[in-house]
$ cat upload04.txt   # compact mmCIF, C-alpha atoms and all ligand atoms
# COMPACT_ATOMS: atom_id res chain seq x y z
CA MET B 975 109.68 129.41 107.78
CA SER B 976 106.25 128.56 106.48
CA THR B 977 103.12 130.68 106.51
CA THR B 978 99.68 129.56 105.48
CA LEU B 979 97.03 132.09 104.52
CA GLN B 980 93.49 130.82 104.33
CA SER B 981 91.64 133.18 102.03
CA ASN B 982 88.83 133.84 104.48
CA LEU B 983 91.30 134.89 107.17
CA VAL B 984 93.37 137.31 105.15
CA THR B 985 91.32 140.44 105.89
CA SER B 986 90.98 139.72 109.60
CA GLN B 987 94.60 138.83 110.31
CA ASN B 988 97.85 140.71 109.82
CA ILE B 989 100.50 138.45 108.33
CA TRP B 990 104.05 139.65 108.80
CA LEU B 991 106.79 138.42 106.51
CA HIS B 992 110.33 139.66 106.70
CA LEU B 993 111.24 139.83 103.02
CA LEU B 994 114.63 140.31 101.44
CA PRO B 995 115.55 140.76 97.79
CA GLN B 996 116.87 137.52 96.26
CA GLN B 997 114.85 135.49 98.73
CA LYS B 998 113.37 132.28 97.37
CA ILE B 999 109.71 131.71 98.12
CA LEU B 1000 107.62 128.69 97.32
CA VAL B 1001 104.07 129.87 96.61
CA SER B 1002 101.30 127.34 96.40
CA LEU B 1003 97.63 127.98 95.68
CA THR B 1004 95.04 125.22 95.98
CA GLY B 1005 91.47 125.71 94.87
CA PRO B 1006 88.48 124.19 93.15
CA HIS B 1007 88.92 122.90 89.58
CA GLY B 1008 87.33 125.20 87.00
CA THR B 1009 88.65 128.41 88.60
CA ASP B 1010 91.54 130.44 87.23
CA ILE B 1011 94.13 129.33 89.79
CA ILE B 1012 97.05 129.36 87.31
CA GLY B 1013 96.10 132.63 85.65
CA CYS B 1014 95.65 134.57 88.89
CA VAL B 1015 98.99 133.41 90.35
CA LEU B 1016 100.86 134.27 87.13
CA ASP B 1017 99.04 137.60 86.94
CA CYS B 1018 100.35 138.48 90.43
CA MET B 1019 103.88 137.41 89.40
CA ALA B 1020 103.72 139.50 86.23
CA LYS B 1021 102.61 142.64 88.12
CA ASN B 1022 105.33 142.37 90.76
CA ASP B 1023 109.07 142.09 90.46
CA CYS B 1024 110.11 138.47 90.75
CA GLU B 1025 111.71 135.67 88.77
CA ILE B 1026 109.94 132.33 88.29
CA GLU B 1027 112.39 129.44 88.81
CA ASP B 1028 110.09 126.45 88.65
CA PHE B 1029 106.42 125.54 88.70
CA MET B 1030 104.16 122.53 88.97
CA LEU B 1031 100.48 121.94 88.48
CA SER B 1032 98.52 119.01 89.82
CA ARG B 1033 94.83 118.22 89.75
CA LEU B 1034 93.23 115.63 91.98
CA HIS B 1035 89.49 115.07 91.57
CA HIS B 1036 87.98 118.59 91.85
CA ASN B 1037 91.02 120.30 93.36
CA VAL B 1038 93.88 122.04 91.60
CA THR B 1039 97.21 122.98 93.16
CA PHE B 1040 99.58 125.34 91.38
CA GLY B 1041 103.01 125.73 92.98
CA VAL B 1042 105.58 128.31 91.87
CA LEU B 1043 109.14 128.78 93.13
CA ILE B 1044 110.13 132.42 92.79
CA THR B 1045 113.07 134.65 93.64
CA LEU B 1046 112.09 138.09 94.88
CA LYS B 1047 113.68 141.11 93.20
CA SER B 1048 112.78 143.62 95.93
CA ASP B 1049 111.40 143.76 99.45
CA ASN B 1050 108.05 144.95 98.12
CA ALA B 1051 105.29 142.88 99.74
CA ASN B 1052 102.60 143.80 97.20
CA LEU B 1053 102.96 140.41 95.54
CA PHE B 1054 101.69 138.72 98.69
CA ARG B 1055 98.82 141.14 99.12
CA ASP B 1056 97.78 140.45 95.48
CA LEU B 1057 98.12 136.69 95.94
CA ALA B 1058 96.02 136.79 99.11
CA GLU B 1059 93.30 138.73 97.31
CA ALA B 1060 93.35 136.28 94.38
CA ALA B 1061 93.11 133.35 96.80
CA LYS B 1062 90.13 134.95 98.49
CA LYS B 1063 88.45 135.56 95.12
CA TRP B 1064 88.76 131.89 94.09
CA ASP B 1065 88.08 130.45 97.55
CA GLY B 1066 91.56 128.94 97.60
CA ASN B 1067 94.22 128.08 100.18
CA LEU B 1068 97.46 129.99 99.79
CA THR B 1069 100.76 128.79 101.26
CA PHE B 1070 104.15 130.56 101.32
CA ASN B 1071 107.33 128.73 102.23
CA VAL B 1072 110.27 131.09 102.65
CA HIS B 1073 113.64 129.51 101.88
CA ASN B 1074 116.80 131.19 103.04
CA GLN B 1075 120.01 130.68 101.11
CA GLN B 1076 121.62 129.09 104.15
CA ASP B 1077 118.76 126.62 104.60
CA ILE B 1078 120.12 123.20 105.47
CA LEU B 1079 118.51 120.08 104.06
CA PRO B 1080 116.12 118.59 106.60
CA LYS B 1081 117.47 115.58 108.50
CA SER B 1082 115.03 113.30 106.67
CA LEU B 1083 116.77 114.05 103.37
CA GLU B 1084 120.31 113.40 104.58
CA ASP B 1085 120.04 109.73 103.73
CA ALA B 1086 118.76 110.54 100.26
CA PRO B 1087 121.11 113.15 98.87
CA TYR B 1088 120.29 114.40 95.43
CA LYS B 1089 123.85 113.95 94.15
CA ASN B 1090 125.07 110.81 92.35
CA ARG B 1091 121.63 109.66 91.38
CA ILE B 1092 120.21 108.08 88.25
CA LYS B 1093 116.67 108.70 87.04
CA TYR B 1094 114.45 105.70 86.52
CA THR B 1095 110.81 105.31 85.74
CA ALA B 1096 108.66 102.60 87.27
CA THR B 1097 105.26 101.60 85.99
CA VAL B 1098 102.99 99.60 88.30
CA LEU B 1099 99.87 97.86 87.02
CA ASN B 1100 97.16 95.62 88.38
CA GLN B 1101 94.08 95.20 86.21
CA ASN B 1102 91.92 94.76 89.33
CA GLY B 1103 93.21 97.98 90.87
CA LEU B 1104 96.35 99.00 92.79
CA THR B 1105 95.65 98.10 96.42
CA PRO B 1106 96.67 100.29 99.39
CA LYS B 1107 98.59 97.26 100.71
CA PHE B 1108 100.67 97.01 97.51
CA LEU B 1109 101.24 100.78 97.35
CA ASP B 1110 102.34 100.78 101.00
CA GLU B 1111 104.84 97.93 100.54
CA TRP B 1112 106.11 99.39 97.25
CA THR B 1113 106.70 102.76 98.90
CA LYS B 1114 108.43 101.12 101.90
CA LEU B 1115 110.71 99.23 99.50
CA LEU B 1116 111.66 102.52 97.81
CA LEU B 1117 112.40 104.11 101.18
CA GLN B 1118 114.50 101.13 102.27
CA GLU B 1119 116.54 101.46 99.05
CA LYS B 1120 116.91 105.25 99.59
CA ILE B 1121 115.10 105.82 96.31
CA SER B 1122 113.23 109.14 96.18
CA VAL B 1123 109.96 109.59 94.35
CA GLU B 1124 110.04 112.74 92.23
CA LYS B 1125 106.70 112.35 90.53
CA MET B 1126 103.79 109.93 90.58
CA GLN B 1127 101.02 109.95 88.05
CA LYS B 1128 97.92 107.85 87.46
CA LEU B 1129 97.93 106.51 83.89
CA SER B 1130 94.55 104.77 83.77
CA GLU B 1131 91.18 106.33 83.10
CA GLY B 1132 88.72 105.87 85.97
CA LYS B 1133 89.92 103.28 88.51
CA LEU B 1134 93.53 103.43 89.75
CA ILE B 1135 94.93 100.39 87.91
CA CYS B 1136 98.17 101.82 86.50
CA ALA B 1137 100.62 104.49 87.66
CA ASP B 1138 103.97 105.88 86.60
CA TYR B 1139 106.67 106.87 89.08
CA LYS B 1140 109.69 109.01 88.30
CA LEU B 1141 112.42 107.82 90.65
CA SER B 1142 115.80 109.11 91.71
CA VAL B 1143 117.95 106.06 92.44
CA PRO B 1144 121.35 106.17 94.21
CA SER B 1145 124.00 105.32 91.61
CA GLU B 1146 125.55 102.63 93.86
CA THR B 1147 122.28 100.65 94.00
CA ASP B 1148 122.70 96.96 93.18
CA LEU B 1149 120.15 96.81 90.35
CA GLU B 1150 120.18 93.03 90.12
CA ARG B 1151 119.19 92.72 93.78
CA LEU B 1152 116.61 95.50 93.36
CA ARG B 1153 115.06 93.66 90.41
CA GLN B 1154 114.82 90.48 92.53
CA GLU B 1155 113.03 92.41 95.27
CA LEU B 1156 110.66 94.00 92.77
CA PHE B 1157 110.00 90.59 91.24
CA GLN B 1158 109.06 89.19 94.67
CA LEU B 1159 106.84 92.21 95.41
CA SER B 1160 105.20 91.75 92.02
CA ILE B 1161 104.46 88.06 92.71
CA ASN B 1162 103.18 88.72 96.26
CA HIS B 1163 100.67 91.30 95.05
CA ARG B 1164 99.97 89.96 91.54
CA THR B 1165 100.93 93.43 90.32
CA ASP B 1166 103.29 94.19 87.43
CA VAL B 1167 106.26 96.42 88.27
CA ALA B 1168 108.42 97.60 85.34
CA LEU B 1169 111.60 99.56 86.03
CA GLN B 1170 113.40 101.31 83.15
CA PRO B 1171 116.06 104.00 82.88
CA PHE B 1172 114.44 107.39 82.39
CA ASN B 1173 116.29 108.52 79.31
CA VAL B 1174 115.67 109.60 75.73
CA PHE B 1175 115.37 105.98 74.49
CA ARG B 1176 112.35 105.32 76.66
CA LYS B 1177 110.33 107.87 74.72
CA HIS B 1178 111.61 106.88 71.28
CA LYS B 1179 110.92 103.17 71.08
CA ARG B 1180 109.64 102.16 67.66
CA LEU B 1181 109.23 98.37 67.93
CA VAL B 1182 107.01 96.33 70.22
CA VAL B 1183 107.54 92.56 70.35
CA PHE B 1184 104.89 90.37 71.96
CA ASP B 1185 104.95 86.84 73.27
CA MET B 1186 101.98 84.90 71.88
CA ASP B 1187 100.82 82.09 74.18
CA SER B 1188 99.13 83.32 77.37
CA THR B 1189 99.96 86.87 76.27
CA LEU B 1190 98.28 87.97 73.02
CA ILE B 1191 96.10 84.87 73.23
CA GLN B 1192 94.79 83.26 76.39
CA GLN B 1193 95.82 79.68 75.60
CA GLU B 1194 99.05 77.70 75.18
CA VAL B 1195 98.80 76.47 71.60
CA ILE B 1196 100.78 73.31 72.19
CA ASP B 1197 98.37 72.34 75.00
CA GLU B 1198 95.44 72.82 72.61
CA ILE B 1199 97.08 70.55 70.00
CA ALA B 1200 97.77 68.00 72.74
CA ARG B 1201 94.16 68.14 73.85
CA MET B 1202 93.07 67.23 70.33
CA ALA B 1203 95.71 64.49 70.15
CA GLY B 1204 94.58 63.05 73.50
CA VAL B 1205 97.96 63.64 75.23
CA VAL B 1206 97.19 66.85 77.13
CA ASN B 1207 98.40 65.65 80.56
CA GLU B 1208 101.71 64.30 79.23
CA VAL B 1209 102.42 67.53 77.33
CA ALA B 1210 101.39 69.73 80.29
CA ALA B 1211 103.84 67.84 82.57
CA ILE B 1212 106.74 68.59 80.17
CA THR B 1213 105.65 72.24 79.87
CA GLU B 1214 105.67 72.57 83.64
CA ALA B 1215 109.11 70.96 83.94
CA ALA B 1216 110.42 73.43 81.34
CA MET B 1217 108.80 76.39 83.16
CA ASN B 1218 110.50 75.24 86.40
CA GLY B 1219 113.84 75.15 84.62
CA GLU B 1220 114.20 71.37 84.96
CA ILE B 1221 114.66 70.92 81.18
CA ASP B 1222 115.64 73.49 78.60
CA PHE B 1223 113.16 74.86 76.11
CA GLN B 1224 114.60 73.12 73.02
CA GLU B 1225 114.49 69.75 74.72
CA SER B 1226 110.99 70.31 76.09
CA LEU B 1227 109.71 71.32 72.64
CA ARG B 1228 111.24 68.21 71.05
CA ARG B 1229 109.68 65.97 73.69
CA ARG B 1230 106.28 67.59 73.37
CA VAL B 1231 106.28 67.49 69.59
CA SER B 1232 107.28 63.82 69.63
CA LEU B 1233 104.18 63.14 71.74
CA LEU B 1234 102.13 64.77 68.97
CA LYS B 1235 103.55 62.46 66.31
CA GLY B 1236 100.77 61.10 64.16
CA THR B 1237 98.52 64.11 64.69
CA SER B 1238 97.25 65.71 61.51
CA VAL B 1239 98.45 69.27 60.93
CA ASP B 1240 94.83 70.00 60.06
CA VAL B 1241 94.23 70.44 63.80
CA LEU B 1242 95.92 73.84 63.49
CA GLN B 1243 92.95 74.98 61.40
CA SER B 1244 90.53 73.86 64.12
CA ILE B 1245 92.62 75.53 66.83
CA LYS B 1246 92.57 78.87 64.99
CA LYS B 1247 88.81 78.96 65.52
CA LYS B 1248 89.24 78.32 69.25
CA LEU B 1249 91.87 80.96 69.99
CA ILE B 1250 90.76 83.54 72.52
CA PHE B 1251 92.50 86.88 72.16
CA THR B 1252 93.41 88.61 75.42
CA GLU B 1253 91.11 91.44 76.41
CA GLY B 1254 92.47 94.69 75.01
CA ALA B 1255 94.94 93.04 72.59
CA HIS B 1256 93.15 94.31 69.46
CA LEU B 1257 92.78 97.80 70.91
CA LEU B 1258 96.41 97.96 72.09
CA CYS B 1259 97.81 96.85 68.71
CA LYS B 1260 95.54 99.24 66.83
CA ALA B 1261 96.60 102.14 69.07
CA LEU B 1262 100.32 101.28 68.76
CA LYS B 1263 100.04 101.04 64.95
CA LYS B 1264 98.28 104.38 64.86
CA VAL B 1265 101.18 106.08 66.62
CA GLY B 1266 103.68 104.47 64.23
CA PHE B 1267 105.10 101.43 66.04
CA LYS B 1268 106.27 98.29 64.22
CA LEU B 1269 104.76 95.25 65.91
CA ALA B 1270 105.92 91.65 66.04
CA VAL B 1271 104.94 88.38 67.67
CA ILE B 1272 107.58 85.81 68.61
CA SER B 1273 106.22 82.43 69.57
CA GLY B 1274 107.74 79.15 70.76
CA GLY B 1275 104.78 77.53 68.97
CA PHE B 1276 104.13 77.13 65.25
CA ILE B 1277 104.21 79.59 62.37
CA PRO B 1278 100.71 78.94 60.93
CA LEU B 1279 99.14 80.11 64.20
CA ALA B 1280 101.62 82.95 64.73
CA ASN B 1281 100.77 84.18 61.21
CA TYR B 1282 97.09 83.92 62.01
CA VAL B 1283 97.58 86.05 65.15
CA LYS B 1284 99.73 88.49 63.15
CA ASN B 1285 96.97 88.93 60.54
CA GLU B 1286 94.18 89.19 63.11
CA LEU B 1287 95.97 91.93 65.08
CA GLY B 1288 97.51 93.72 62.10
CA LEU B 1289 101.11 93.05 63.22
CA ASP B 1290 104.13 93.52 60.95
CA TYR B 1291 106.11 90.36 61.72
CA ALA B 1292 105.60 86.86 63.08
CA PHE B 1293 108.37 84.45 64.08
CA ALA B 1294 107.80 80.87 65.23
CA ASN B 1295 108.81 77.27 64.56
CA GLN B 1296 108.24 75.93 61.06
CA VAL B 1297 106.11 72.81 60.90
CA ARG B 1298 107.44 70.18 58.48
CA TYR B 1299 104.69 68.34 56.68
CA PHE B 1300 105.71 64.70 56.32
CA LYS B 1301 103.93 62.70 53.70
CA PHE B 1302 101.70 61.16 56.39
CA ASN B 1303 100.89 64.57 57.84
CA LEU B 1304 102.91 63.94 60.96
CA PHE B 1305 104.15 66.70 63.23
CA SER B 1306 107.77 67.62 63.09
CA ILE B 1307 109.58 70.91 63.50
CA THR B 1308 112.62 72.48 61.93
MG MG B 1401 103.72 82.92 76.90
$ encode --input "upload04.txt" --output "structure tokens"
Amino acid sequence: MSTTLQSNLVTSQNIWLHLLPQQKILVSLTGPHGTDIIGCVLDCMAKNDCEIEDFMLSRLHHNVTFGVLITLKSDNANLFRDLAEAAKKWDGNLTFNVHNQQDILPKSLEDAPYKNRIKYTATVLNQNGLTPKFLDEWTKLLLQEKISVEKMQKLSEGKLICADYKLSVPSETDLERLRQELFQLSINHRTDVALQPFNVFRKHKRLVVFDMDSTLIQQEVIDEIARMAGVVNEVAAITEAAMNGEIDFQESLRRRVSLLKGTSVDVLQSIKKKLIFTEGAHLLCKALKKVGFKLAVISGGFIPLANYVKNELGLDYAFANQVRYFKFNLFSIT
């Protein structure tokens, strides 16, 4: 049973509720931001005999919704009269949903039982904005997998570019297949989707490790060295073959470095001046350091440049290939 009281109708309409002690009622008051929606609901609860079981507050633009699940202690209806008056005072919309003990789950929830579920969190991000098309497909994918959304929250300031979802995932879900589907969705919409177990470890991470090329910096260092050595196309072809999985990384690095043979290691100094840091990299590292994270960069490139990036961004560690300086200043790696 559900009853909606619009504050301006309360005085002109008699609302009849058949109340029983121990009855659970979901009370929800929506009103303009800047009014005392929370305080007035709690004030009504404090004055009347009931137990608060759960509550939730949400604010969207200029509107606030405060929902409270209560159990009544008596059949006294004064609580509802007080709530209706408070709603009228703050120009709010008041909703009661009466839940009986014998209430059966609606049919729509039968396929998504709340038992045998694991909590996950998903973060979705697109720096140009999350599109309705992506959000629609993402939500359809969740429905198809019988994954229920428990909470969704915008994480970005201003434009909707990043959001966090708390998800309830059936324990029998094939996570490998789900990851493949998410990966495809991510590629189709050029939107990052990160799925992680929602547990204590998520909140207590202390180390952040970054990739360097095309991550902290915009370029691929080895391509820049190749450009200076006049072998950029040859090196790019090997990089692409490695990215496509045609040759393994070790082999591709050896082949690329052999193409650089004869190039002075002094080019690394020139490349340092050309490195373009990714937008937000300085700010992100500064913010992470401030909250106590250890930061590292791991690069498939060369240590002089990884150290340069480490120093520029104030990181704690840098790991990369060592360059061996032959007597003729030729490139080689260890
Ligand atoms: Mg990279």
$ closest_residue --input "upload04.txt" --among "B:Val1195, B:Met1202, B:Ala1216, B:Met1126" --to "Phe1276 in chain B" --atoms "all atoms listed in the file"
B:Val1195
$ closest_atom_pairs --input "upload04.txt" --of "chain B" --to "ligand MG 1401 (chain B)" --cutoff "10 Å" --atoms "all atoms listed in the file" --output "Markdown table"
| residue | atom | partner | partner_atom | distance |
| --- | --- | --- | --- | --- |
| B:Phe1184 | CA | B:MG1401 | MG | 9.0 |
| B:Asp1185 | CA | B:MG1401 | MG | 5.5 |
| B:Met1186 | CA | B:MG1401 | MG | 5.7 |
| B:Asp1187 | CA | B:MG1401 | MG | 4.1 |
| B:Ser1188 | CA | B:MG1401 | MG | 4.6 |
| B:Thr1189 | CA | B:MG1401 | MG | 5.5 |
| B:Leu1190 | CA | B:MG1401 | MG | 8.4 |
| B:Ile1191 | CA | B:MG1401 | MG | 8.7 |
| B:Gln1192 | CA | B:MG1401 | MG | 9.0 |
| B:Gln1193 | CA | B:MG1401 | MG | 8.6 |
| B:Glu1194 | CA | B:MG1401 | MG | 7.2 |
| B:Val1195 | CA | B:MG1401 | MG | 9.7 |
| B:Ile1272 | CA | B:MG1401 | MG | 9.6 |
| B:Ser1273 | CA | B:MG1401 | MG | 7.8 |
| B:Gly1274 | CA | B:MG1401 | MG | 8.3 |
| B:Gly1275 | CA | B:MG1401 | MG | 9.6 |
$ closest_residue --input "upload04.txt" --among "B:Ile1012, B:Ala1060, B:Leu1043, B:Ala1292" --to "His1073 in chain B" --atoms "all atoms listed in the file"
B:Leu1043
$ closest_residue --input "upload04.txt" --among "B:Ile1277, B:Gly1236, B:Met1217, B:Asn1100" --to "Ile1161 in chain B" --atoms "only C-alpha atoms"
B:Asn1100
$ closest_residue --input "upload04.txt" --among "B:Asp1017, B:Asp1110, B:Glu1208, B:Asp1166" --to "Cys1136 in chain B" --atoms "all atoms listed in the file"
B:Asp1166
$ closest_residue --input "upload04.txt" --among "B:Thr1105, B:Gln1296, B:Thr1039, B:Gln997" --to "Val1015 in chain B" --atoms "only C-alpha atoms"
B:Thr1039
